[in-house]
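*Asks:* Dropping a structure here in C-alpha cells format, bear with me for questions.
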Amino acid sequence: MSGTGIDGLIAQLGSERVKTRESSSSDGGLETEAIVFADTEEQARSVVRWASREGVAIVPQGKGGWGTYGNSIRGRAITLSLARMNGIVEHSPGDLIVTVRAGTTLADLQKQLKEKGQVLPLDPGWPEHITAGGLVATASTGPKRLKYGAPRDWVTGLRMILANGQMIRTGGKVVKNVAGYDMNKCFVGSMGTLGIITECTFKLRPLPPAETVLVLTASDGETMMRFSRRVWDSSLEPCAMELVNGTALRSLTGLDGEGCAWVIGFEDEEKAVTAQRNLVARWAEEEGLSIRAWLEQEQAASLWNRLGRLTPNALETDISGMEVALKAITLPDRVAGTVWKASDVAEKQGIEAIVHGGIGTGITRVNLFASMNQLDQVCETIGLIRSWLEERSGYLVVEHAPLCVKNRVPVWGRTPGGFGLMRKLKGRLDPGSLFNPGRFVGGI
Amino acid sequence: MDQKVLEEIRKIIPNDRILLQLQDRYSYSFDASFGEYLPDIVIQPEHAEEISRLVKLANRYLIPVYPRGAATSLSGGPLPVEGGMVLDMSRLNKKLIIDRENLLAIVSPGVITADIHRKAEEAGLFYPPDPSSSHVSTIGGNLLENSSGPRGLKYGTTKEYVIGLEVVTPTGDMIRTGGKTVKNVTGYDLTRLIVGSEGTLGIVTEAILRLIPKPQARGTLLAAFDRLVDSGHAITNILSSGILPAAMELMDNACMRAVENFQPCGLPLHAEALIIVEVDGHPIAVAEEISQCETLCLQMGATTIRVAQDERERQEIWKARKMVSPAITQMGPTKISEDATVPRSKIPDMMERLKQIREKYQLNLVVFGHAGDGNLHPNIITDKRNLAEMKRVEEAVSEIFKAAIELGGTLSGEHGIGTLKAPYMEMELGEIGLAMMKKIKQAWDPNNILNPGKIFPKPGQTKVVLTE
C-alpha cells in the first residue's frame, strides 16, 4: 500500500487504528482498501481531511451489519468505522431526550434507557449490530413502525462531519423546531452520502408497561383478510401487525403452517393490553381463525426480535449459500398480495423464501436463501417480484445480496421523483463526492 | 408592473384573476404578524401548471414570488417584503379525498385544515396536527410553515404526517416527491425538507397526508397552581411518570384574566398559572392515566383540579385555552407573538427568565403555550405608536431569544423564522449551519425568486427592528 498515502494515515493515527486489507470479494462489492477506526470526533475529522487531500473516498460505517447495502463504490475508498465512538452523551429523562455517540448499538442504548423506564421505539432487526449512526443513515425500521413511525420521526438533532471537514450541529434537544430548514430530515436515510454522523439526539417514549403477541392462522386467505379488515376498521391500536408466510412461521415458532399467519402485537397500560388482546381473541374465534401462540412480556418481545433476525445482514452471512434481503414497498392494502406473490414466485423458482409484511406499514420483507448454483433463479425471482410491484406503483430495494447478484440486478430500482433536486443537494454538500460515491440511488 | 411582463402574464392567467388595483393589492400586504408590504401584482392561480409557468416567467424577469394561503402567519411567511408577485392559493382548494383503506388524505393546498379534520373524523380517522388557527388556515400554509399545535406532544408535528407532495420548484418545474401513493421512497427526503421551508424551496400544489385511527377515548383535566414554578414542575413530573399526554397546555394569570374579561369561562383567577392535560387512547388506559395526572398535580401543590366528565365539559376547558389569543389582542393594539421553545425540563427556568424580562423592561408580557413540548408563546401586548415602548420591546424580544438558546432551545417551535427572527438565526445555528442552509437555497433557487427576504438575515442584520 505504500505510495497510496495510507502509510501517512497510519503514521497519524497509529497502526492499531488502521487495518489495510487485500481485496477479496465476498462482501457485496463494498470492499475498501483499509478500515480506519476513529476513537474521537477529532480523529474522524483528520481522516476526512486526509481522504480529501488524497482523493480517496470514505465509506462511513458502524459495525458493518449493513455493509453490503447499496451499489459498489466508485474509485478508491477506505472505510471509516465509528464503532469505537460509542456511549450515551446525555440522557435527560424529564425531557424524554437522549444524545448518543454514533457508534452506540441500538441494543446497548435500549438497555440503558429501559433502566430509566424509557424507550426509543424503533425496532429494526439485529439491534446488537445496528448503531445509532447506521440506524439514522439507513432509516431502517421494523414491524412496530405501524404505531411509532420511522427514524425521521424520532431524530431531533445530529452532529456531522461535512466533506470540507467542518463540524455541524443540526436541530437540538427540543421536539419542535422550525428555525430554518430541517437538515435532520435531509440526513436521515441519506446512506452516508452527505456527511459522517458522529452524534444523534432522539426523542423517547415512556416504556409501555405491558406487551402481548398473538399468532393466528386460518385455513384460507379469504378468512385471513376478513379478520384483518375487521381489526383495521376497529379502534384497536396494535403496535404491529405482520402477515408472515409459512416458511417464516416455521422459522419463527416451529409451528407447521401451509398458508400465512398473522402476528399481531399490543403495547400499552396492562389493562388496555388485556382488553384488546381478549377482543382480538374473540374475533379470531368468531371468524374461524386458530390462535397458535399467545405470548406475554419478554416472550412477546423475543418473538419480534426473532422476526428481525430472519432478515440476513452482512455480519451474519452464511457464505456457503446465497442470502438475499429485499425490501418491497407498496400501498398498505397491497401488502397481503405482495406476501403471497413473493412467496409464490420464489417457490416456483425452487428458492426458499421467508416473507413477511406489515399491514399498515406497506413494507414487505422478502428473504431468499439459495445455493450458490441458483444464481439465475435468484435473479429471476427478484426481477419478477420487482416488475409485479412496479406495475402496482410499488418498488423494490435490494438491501443485502452478494456481488454476483448485484452485478445483475439493480439495487435501487427506478429513479425517484425530484432526482434532479437530490443531485443538486449532493453537489452542494459534497462537491467532490467524498462520501460513499455511487452507493446510493441513481449513483449519487 | 412592466407592460411587457404583464402581457406575458395575461397569456397564462385570464384578466379576472389578476389584481392590479391598489385597494386589491393592499389586502395582500399584511398577515397576522408585524409589518406591511405592498405587492406589485396579485395572481389567483387555479392549477399547478399555471404556477409552473408563472414561476418560469418570474425567473426570466427576476420577479420575487410570494405564495399566500390564509395569511394567518405569525412570522411574516406570506409577506411580499420585496414587492413582486403574490400567488393567492385560495382557488386551489378543490381536492379533499380520504382513502380509508390506506389511511391517506389527498388534498389541495387551499383546503382549510379544519375541513381535513372533519372529513377524516367522519371516516373514523384522525389528522393530529391542530394549529390554533386551523379553522381558518390552509393546509398549504400549515405544511410550508410546519405549523403544529398542542397535539405535537404525543403525535409529532405536521411534518410527520406528510407522505408526498406535488411541488412547483423555484425554477418552475413540477415534481412529485415521496411518490404519489407510497409511504417511503428511496433517495433524500425532499418532502420533509420542503415542508417547513417557509415557501422558500417550493410551492406545494398537492399533498398526500398520513391519517391515523381515531383514538377511542379522551380524558381532560384543568389544574390551577398558586405558583407558576409549581405548574412547570407538575408538567415535567407528568412527563417523567410514564404517561405521554396528547396535549399539555399552560396559561399564566394575565392570560386567564384576559380570557375572563373577553368571554368568562369560570377560570380560577386567584391562581398564578393553570395547566390543561389531555390524554387519549384506549378507554381503560385513559381513565387510569387521567387519575394519575390528577394525583401528580395535587402532589405539586395544585389548588383546584377540574376533570371533564363529558364532552361538553371537555370543550369548555379547551375553549378557555383557544380564547387566549383573541382575548389578549383586546389588551392593546399591537401584539408581538413569540414561540421560543426549550427542552421540556427547562420550562420552569424559562418561565423565570420571562418574568425577569417582563420586570426589567416594564412590559405587558403574557405567557401561554404548549408547555408539554417546551413550546411557550410569550406575547408582548403593546402599541406600535409608542416608540419608546417599542424600543424596549425590541430589547425584550432579543433577550427572549437569547434565553431560549442559552437553555438549549430554539428561536421558533412552530411559527417560523420569517422576517423578524432572521437576524437571530446565526446565534442559534452558527455560521456553518446557516451557510449550509443557504447552499441548499442557492442550489435550488439560483435566482432567489421564491419568497425572498425570509429565514436568512440580510448582511449586517443582527437585531429585530420594530420601529421605523
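Scheme for the C-alpha cells: letters A, B, ... for chains in order shown; per-chain residue numbers from 1; ligand numbers from 1 in order shown.
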Return as number ranges by chain the full set of residues in segment 142-296 of chain B whose backbone-based DSSP assignment is strand (DSSP E or B).
*Replies:* B: 162-168, 174-177, 203-210, 212-213, 217-225, 247-252, 273-281
*Asks:* Residues near segment 167-179 of chain A, anyone? I mean within 7 Å using only C-alpha atoms, not counting same-chain ones fewer than 6 positions away, as a list in words.
*Replies:* Ile97, Thr156, Gly157, Leu158, Arg159, Met160, Ile161 and Thr201 of chain A; Gly196, Thr341, Val342, Pro343, Asp373, Gly408, Gly409, Thr410, Leu411, Ser412, Gly413, Glu414, Gly416, Ile417, Ile432 and Gly433 of chain B
*Asks:* Using only C-alpha atoms, which of the listed residues (A:Gly70, A:Gly383, A:Gly358, A:Gly62) sits closest to Trp412 of chain A?
*Replies:*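 For Trp412 of chain A, the nearest of the candidates is A:Gly70.
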*Asks:* Sort by chain and increasing residue number a table of all residues of chain A within 7 Å of chain B, each with its closest pair of atoms and their distance in Å to one decimal, counting only C-alpha atoms, and write it as a tab-separated table.
*Replies:*
```
residue	atom	partner	partner_atom	distance
A:Pro93	CA	B:Ser240	CA	6.3
A:Gly94	CA	B:Ser240	CA	5.0
A:Asp95	CA	B:Arg344	CA	4.9
A:Asp153	CA	B:Glu160	CA	6.2
A:Ile168	CA	B:Gly433	CA	6.1
A:Arg169	CA	B:Gly433	CA	7.0
A:Lys173	CA	B:Pro343	CA	5.9
A:Val174	CA	B:Pro343	CA	4.9
A:Val175	CA	B:Asp373	CA	6.3
A:Lys176	CA	B:Gly413	CA	4.7
A:Asn177	CA	B:Gly413	CA	4.4
A:Val178	CA	B:Gly413	CA	5.4
A:Ala179	CA	B:Ser412	CA	5.7
A:Gly180	CA	B:Ile455	CA	6.1
A:Tyr181	CA	B:Ser197	CA	5.5
A:Asp182	CA	B:Leu193	CA	5.8
A:Lys185	CA	B:Arg192	CA	6.1
A:Cys186	CA	B:Asp189	CA	5.6
A:Gly189	CA	B:Tyr188	CA	6.7
A:Ser190	CA	B:Tyr188	CA	5.6
A:Pro206	CA	B:Gly242	CA	4.7
A:Leu207	CA	B:Gly242	CA	7.0
A:Ser235	CA	B:Gln216	CA	6.2
A:Glu269	CA	B:Ala285	CA	5.8
A:Lys271	CA	B:Ile284	CA	6.5
A:Ala272	CA	B:Ala285	CA	5.6
A:Thr330	CA	B:Val182	CA	6.0
A:Leu331	CA	B:Val182	CA	5.5
A:Pro332	CA	B:Asn102	CA	5.6
A:Asp333	CA	B:Asn102	CA	6.1
A:Gly394	CA	B:Val182	CA	6.8
A:Pro416	CA	B:Thr186	CA	6.6
A:Gly417	CA	B:Arg176	CA	5.4
A:Gly418	CA	B:Ile175	CA	5.7
A:Leu421	CA	B:Trp444	CA	6.8
A:Met422	CA	B:Tyr188	CA	6.2
A:Lys424	CA	B:Ala443	CA	6.0
A:Leu425	CA	B:Ile440	CA	6.3
A:Arg428	CA	B:Lys439	CA	6.4
A:Val441	CA	B:Gly187	CA	5.8
```
*Asks:* What lies within 10 Å of Leu255 of chain A using only C-alpha atoms, ignoring chain neighbours under 6 positions off, as an MDAnalysis selection string?
*Replies:* chainID A and resid 246:249 292:293
*Asks:* Please produce a file of the residues just selected, as an mmCIF file, in the first residue's frame, where the atoms kept are N, CA and C atoms.
*Replies:*
```cif
data_model
loop_
_atom_site.group_PDB
_atom_site.id
_atom_site.type_symbol
_atom_site.label_atom_id
_atom_site.label_comp_id
_atom_site.auth_asym_id
_atom_site.auth_seq_id
_atom_site.Cartn_x
_atom_site.Cartn_y
_atom_site.Cartn_z
ATOM 1 N N GLY A 246 -45.652 -19.200 5.371
ATOM 2 C CA GLY A 246 -45.485 -20.474 6.073
ATOM 3 C C GLY A 246 -44.047 -20.703 6.515
ATOM 4 N N THR A 247 -43.094 -20.373 5.627
ATOM 5 C CA THR A 247 -41.682 -20.584 5.954
ATOM 6 C C THR A 247 -41.281 -19.696 7.128
ATOM 7 N N ALA A 248 -41.752 -18.461 7.106
ATOM 8 C CA ALA A 248 -41.431 -17.540 8.203
ATOM 9 C C ALA A 248 -42.038 -18.049 9.505
ATOM 10 N N LEU A 249 -43.276 -18.545 9.422
ATOM 11 C CA LEU A 249 -43.951 -19.043 10.625
ATOM 12 C C LEU A 249 -43.168 -20.203 11.240
ATOM 13 N N ARG A 292 -52.550 -19.732 17.447
ATOM 14 C CA ARG A 292 -51.468 -20.721 17.502
ATOM 15 C C ARG A 292 -50.472 -20.406 18.599
ATOM 16 N N ALA A 293 -50.386 -19.164 18.979
ATOM 17 C CA ALA A 293 -49.478 -18.817 20.077
ATOM 18 C C ALA A 293 -49.987 -17.538 20.721
#
```
*Asks:* Find the residue from B:Lys322, B:His135, B:Arg68, B:Lys463 that sits nearest to Lys391 of chain B; use only C-alpha atoms when measuring.
*Replies:*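 Smallest distance to Lys391 of chain B is found for B:Lys463.
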*Asks:* Just the helix (DSSP H, G or I) stuff from segment 270-398 of chain B, please, per backbone DSSP, written as a compact mmCIF listing (two decimals) with N, CA, C and O atoms, in the first residue's frame.
*Replies:*
```txt
# COMPACT_ATOMS: atom_id res chain seq x y z
N PRO B 283 -59.95 3.40 26.31
CA PRO B 283 -60.68 4.00 27.44
C PRO B 283 -60.13 3.59 28.81
O PRO B 283 -60.07 4.41 29.73
N ILE B 284 -59.69 2.35 28.93
CA ILE B 284 -59.19 1.89 30.24
C ILE B 284 -57.89 2.63 30.58
O ILE B 284 -57.70 3.11 31.69
N ALA B 285 -57.01 2.74 29.59
CA ALA B 285 -55.74 3.43 29.81
C ALA B 285 -56.00 4.91 30.11
O ALA B 285 -55.35 5.49 30.99
N VAL B 286 -56.95 5.50 29.42
CA VAL B 286 -57.25 6.92 29.61
C VAL B 286 -57.70 7.19 31.05
O VAL B 286 -57.21 8.11 31.71
N ALA B 287 -58.61 6.36 31.54
CA ALA B 287 -59.13 6.55 32.90
C ALA B 287 -57.99 6.47 33.91
O ALA B 287 -57.88 7.29 34.84
N GLU B 288 -57.13 5.48 33.73
CA GLU B 288 -56.03 5.30 34.67
C GLU B 288 -55.05 6.48 34.63
O GLU B 288 -54.62 6.98 35.66
N GLU B 289 -54.74 6.91 33.41
CA GLU B 289 -53.74 7.97 33.26
C GLU B 289 -54.24 9.31 33.78
O GLU B 289 -53.49 10.07 34.39
N ILE B 290 -55.51 9.60 33.55
CA ILE B 290 -56.01 10.91 33.97
C ILE B 290 -56.03 10.97 35.51
O ILE B 290 -55.74 12.00 36.11
N SER B 291 -56.31 9.82 36.13
CA SER B 291 -56.32 9.84 37.60
C SER B 291 -54.88 9.95 38.13
O SER B 291 -54.63 10.62 39.14
N GLN B 292 -53.93 9.36 37.44
CA GLN B 292 -52.51 9.54 37.83
C GLN B 292 -52.08 11.01 37.68
O GLN B 292 -51.36 11.54 38.52
N CYS B 293 -52.53 11.64 36.60
CA CYS B 293 -52.18 13.05 36.38
C CYS B 293 -52.74 13.91 37.50
O CYS B 293 -52.09 14.84 37.97
N GLU B 294 -53.96 13.58 37.93
CA GLU B 294 -54.61 14.33 39.00
C GLU B 294 -53.76 14.23 40.27
O GLU B 294 -53.47 15.24 40.91
N THR B 295 -53.33 13.02 40.59
CA THR B 295 -52.51 12.80 41.78
C THR B 295 -51.21 13.60 41.69
O THR B 295 -50.81 14.27 42.65
N LEU B 296 -50.57 13.54 40.52
CA LEU B 296 -49.29 14.24 40.35
C LEU B 296 -49.47 15.75 40.50
O LEU B 296 -48.63 16.41 41.11
N CYS B 297 -50.56 16.29 39.98
CA CYS B 297 -50.80 17.74 40.11
C CYS B 297 -51.01 18.11 41.58
O CYS B 297 -50.49 19.11 42.06
N LEU B 298 -51.76 17.27 42.31
CA LEU B 298 -52.01 17.55 43.73
C LEU B 298 -50.69 17.53 44.50
O LEU B 298 -50.44 18.38 45.35
N GLN B 299 -49.85 16.55 44.18
CA GLN B 299 -48.54 16.47 44.87
C GLN B 299 -47.70 17.73 44.63
O GLN B 299 -46.91 18.12 45.47
N GLU B 311 -68.07 15.27 27.14
CA GLU B 311 -67.51 16.02 26.02
C GLU B 311 -67.78 17.53 26.17
O GLU B 311 -66.93 18.35 25.81
N ARG B 312 -68.95 17.88 26.73
CA ARG B 312 -69.27 19.30 26.87
C ARG B 312 -68.28 19.98 27.82
O ARG B 312 -67.75 21.05 27.53
N GLU B 313 -67.99 19.30 28.94
CA GLU B 313 -67.04 19.87 29.91
C GLU B 313 -65.63 19.95 29.31
O GLU B 313 -64.86 20.85 29.61
N ARG B 314 -65.34 18.95 28.47
CA ARG B 314 -64.02 18.95 27.81
C ARG B 314 -63.90 20.16 26.89
O ARG B 314 -62.92 20.88 26.90
N GLN B 315 -64.96 20.38 26.11
CA GLN B 315 -64.97 21.53 25.19
C GLN B 315 -64.82 22.84 25.95
O GLN B 315 -64.15 23.76 25.51
N GLU B 316 -65.45 22.91 27.14
CA GLU B 316 -65.37 24.13 27.95
C GLU B 316 -63.94 24.43 28.39
O GLU B 316 -63.48 25.56 28.34
N ILE B 317 -63.26 23.36 28.80
CA ILE B 317 -61.87 23.54 29.23
C ILE B 317 -61.04 24.04 28.04
O ILE B 317 -60.26 24.99 28.17
N TRP B 318 -61.23 23.44 26.89
CA TRP B 318 -60.44 23.84 25.72
C TRP B 318 -60.80 25.22 25.22
O TRP B 318 -59.97 25.92 24.65
N LYS B 319 -62.08 25.61 25.44
CA LYS B 319 -62.50 26.93 24.98
C LYS B 319 -61.66 28.00 25.66
O LYS B 319 -61.19 28.96 25.02
N ALA B 320 -61.41 27.81 26.95
CA ALA B 320 -60.61 28.79 27.69
C ALA B 320 -59.23 28.93 27.04
O ALA B 320 -58.73 30.04 26.87
N ARG B 321 -58.63 27.82 26.64
CA ARG B 321 -57.31 27.87 26.02
C ARG B 321 -57.35 28.53 24.64
O ARG B 321 -56.50 29.35 24.30
N LYS B 322 -58.40 28.17 23.86
CA LYS B 322 -58.47 28.70 22.49
C LYS B 322 -58.80 30.20 22.47
O LYS B 322 -58.51 30.89 21.50
N VAL B 324 -57.45 32.39 24.38
CA VAL B 324 -56.32 33.22 24.84
C VAL B 324 -55.88 34.20 23.77
O VAL B 324 -55.78 35.40 24.01
N SER B 325 -55.64 33.70 22.55
CA SER B 325 -55.09 34.56 21.51
C SER B 325 -56.01 35.74 21.17
O SER B 325 -55.59 36.88 21.20
N PRO B 326 -57.30 35.47 20.87
CA PRO B 326 -58.19 36.61 20.64
C PRO B 326 -58.35 37.50 21.87
O PRO B 326 -58.44 38.74 21.74
N ALA B 327 -58.35 36.91 23.07
CA ALA B 327 -58.58 37.71 24.29
C ALA B 327 -57.44 38.70 24.52
O ALA B 327 -57.68 39.85 24.87
N ILE B 328 -56.20 38.26 24.30
CA ILE B 328 -55.10 39.18 24.62
C ILE B 328 -54.98 40.30 23.59
O ILE B 328 -54.44 41.34 23.90
N THR B 329 -55.53 40.10 22.41
CA THR B 329 -55.48 41.22 21.46
C THR B 329 -56.37 42.37 21.92
O THR B 329 -56.21 43.49 21.46
N ARG B 344 -38.01 20.31 27.55
CA ARG B 344 -39.17 20.36 28.45
C ARG B 344 -38.79 20.59 29.90
O ARG B 344 -39.50 21.29 30.62
N SER B 345 -37.66 20.02 30.34
CA SER B 345 -37.29 20.17 31.76
C SER B 345 -36.87 21.60 32.07
O SER B 345 -36.73 21.97 33.22
N LYS B 346 -36.65 22.41 31.05
CA LYS B 346 -36.21 23.79 31.27
C LYS B 346 -37.38 24.78 31.33
O LYS B 346 -37.16 25.99 31.38
N ILE B 347 -38.60 24.27 31.30
CA ILE B 347 -39.76 25.18 31.32
C ILE B 347 -39.78 26.07 32.57
O ILE B 347 -39.95 27.28 32.46
N PRO B 348 -39.55 25.50 33.78
CA PRO B 348 -39.55 26.40 34.94
C PRO B 348 -38.48 27.50 34.80
O PRO B 348 -38.77 28.66 35.13
N ASP B 349 -37.29 27.15 34.29
CA ASP B 349 -36.24 28.16 34.11
C ASP B 349 -36.67 29.23 33.11
O ASP B 349 -36.43 30.41 33.31
N MET B 350 -37.29 28.79 32.03
CA MET B 350 -37.71 29.75 31.00
C MET B 350 -38.78 30.68 31.56
O MET B 350 -38.76 31.88 31.30
N MET B 351 -39.69 30.12 32.36
CA MET B 351 -40.74 30.95 32.96
C MET B 351 -40.10 32.02 33.85
O MET B 351 -40.52 33.18 33.85
N GLU B 352 -39.07 31.62 34.58
CA GLU B 352 -38.37 32.55 35.47
C GLU B 352 -37.70 33.66 34.66
O GLU B 352 -37.79 34.84 35.00
N ARG B 353 -37.04 33.26 33.56
CA ARG B 353 -36.36 34.26 32.71
C ARG B 353 -37.38 35.24 32.12
O ARG B 353 -37.13 36.44 32.05
N LEU B 354 -38.54 34.73 31.73
CA LEU B 354 -39.56 35.61 31.14
C LEU B 354 -40.07 36.61 32.17
O LEU B 354 -40.32 37.77 31.87
N LYS B 355 -40.18 36.14 33.41
CA LYS B 355 -40.63 37.01 34.49
C LYS B 355 -39.62 38.16 34.67
O LYS B 355 -40.01 39.33 34.81
N GLN B 356 -38.32 37.79 34.65
CA GLN B 356 -37.29 38.83 34.80
C GLN B 356 -37.34 39.83 33.65
O GLN B 356 -37.19 41.03 33.86
N ILE B 357 -37.55 39.32 32.45
CA ILE B 357 -37.59 40.21 31.28
C ILE B 357 -38.77 41.17 31.38
O ILE B 357 -38.65 42.36 31.11
N ARG B 358 -39.92 40.65 31.82
CA ARG B 358 -41.11 41.49 31.98
C ARG B 358 -40.83 42.62 32.97
O ARG B 358 -41.15 43.78 32.73
N GLU B 359 -40.17 42.27 34.09
CA GLU B 359 -39.91 43.29 35.10
C GLU B 359 -38.87 44.30 34.64
O GLU B 359 -39.03 45.50 34.82
N LYS B 360 -37.82 43.78 33.99
CA LYS B 360 -36.72 44.65 33.56
C LYS B 360 -37.20 45.70 32.56
O LYS B 360 -36.81 46.86 32.64
N TYR B 361 -38.04 45.30 31.63
CA TYR B 361 -38.45 46.23 30.57
C TYR B 361 -39.83 46.83 30.78
O TYR B 361 -40.33 47.57 29.94
N ALA B 371 -46.85 23.75 26.79
CA ALA B 371 -45.76 23.52 27.73
C ALA B 371 -45.25 22.09 27.66
O ALA B 371 -44.08 21.84 27.90
N GLY B 372 -46.12 21.15 27.29
CA GLY B 372 -45.72 19.74 27.26
C GLY B 372 -44.57 19.49 26.32
O GLY B 372 -43.77 18.59 26.53
N ASP B 373 -44.46 20.24 25.25
CA ASP B 373 -43.31 20.04 24.37
C ASP B 373 -42.33 21.21 24.44
O ASP B 373 -41.51 21.39 23.55
N LEU B 387 -43.25 54.79 20.54
CA LEU B 387 -41.92 54.43 20.06
C LEU B 387 -40.97 54.05 21.19
O LEU B 387 -40.16 53.14 21.05
N ALA B 388 -41.09 54.77 22.31
CA ALA B 388 -40.20 54.48 23.44
C ALA B 388 -40.44 53.04 23.91
O ALA B 388 -39.50 52.28 24.16
N GLU B 389 -41.72 52.68 23.98
CA GLU B 389 -42.02 51.33 24.44
C GLU B 389 -41.56 50.30 23.40
O GLU B 389 -41.04 49.24 23.75
N MET B 390 -41.74 50.60 22.12
CA MET B 390 -41.33 49.66 21.07
C MET B 390 -39.83 49.37 21.14
O MET B 390 -39.39 48.27 20.86
N LYS B 391 -39.05 50.37 21.49
CA LYS B 391 -37.61 50.16 21.65
C LYS B 391 -37.35 49.13 22.75
O LYS B 391 -36.49 48.27 22.63
N ARG B 392 -38.13 49.27 23.86
CA ARG B 392 -37.98 48.30 24.95
C ARG B 392 -38.43 46.91 24.51
O ARG B 392 -37.86 45.90 24.90
N VAL B 393 -39.47 46.86 23.65
CA VAL B 393 -39.94 45.57 23.13
C VAL B 393 -38.82 44.90 22.32
O VAL B 393 -38.56 43.71 22.48
N GLU B 394 -38.14 45.68 21.48
CA GLU B 394 -37.04 45.13 20.68
C GLU B 394 -36.00 44.46 21.59
O GLU B 394 -35.56 43.35 21.34
N GLU B 395 -35.64 45.19 22.67
CA GLU B 395 -34.65 44.63 23.60
C GLU B 395 -35.17 43.36 24.26
O GLU B 395 -34.45 42.37 24.40
N ALA B 396 -36.45 43.40 24.66
CA ALA B 396 -37.04 42.25 25.37
C ALA B 396 -37.07 41.03 24.45
O ALA B 396 -36.74 39.92 24.87
N VAL B 397 -37.45 41.25 23.18
CA VAL B 397 -37.54 40.14 22.23
C VAL B 397 -36.16 39.50 22.06
O VAL B 397 -36.00 38.27 22.11
N SER B 398 -35.12 40.33 21.91
CA SER B 398 -33.77 39.80 21.80
C SER B 398 -33.42 38.95 23.01
O SER B 398 -32.82 37.88 22.89
```
*Asks:* Atom CA of Arg210 of chain B and atom CA of Trp340 of chain A are how many Å apart?
*Replies:*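 According to the coordinates, atom CA of Arg210 of chain B and atom CA of Trp340 of chain A are separated by 25.8 Å.
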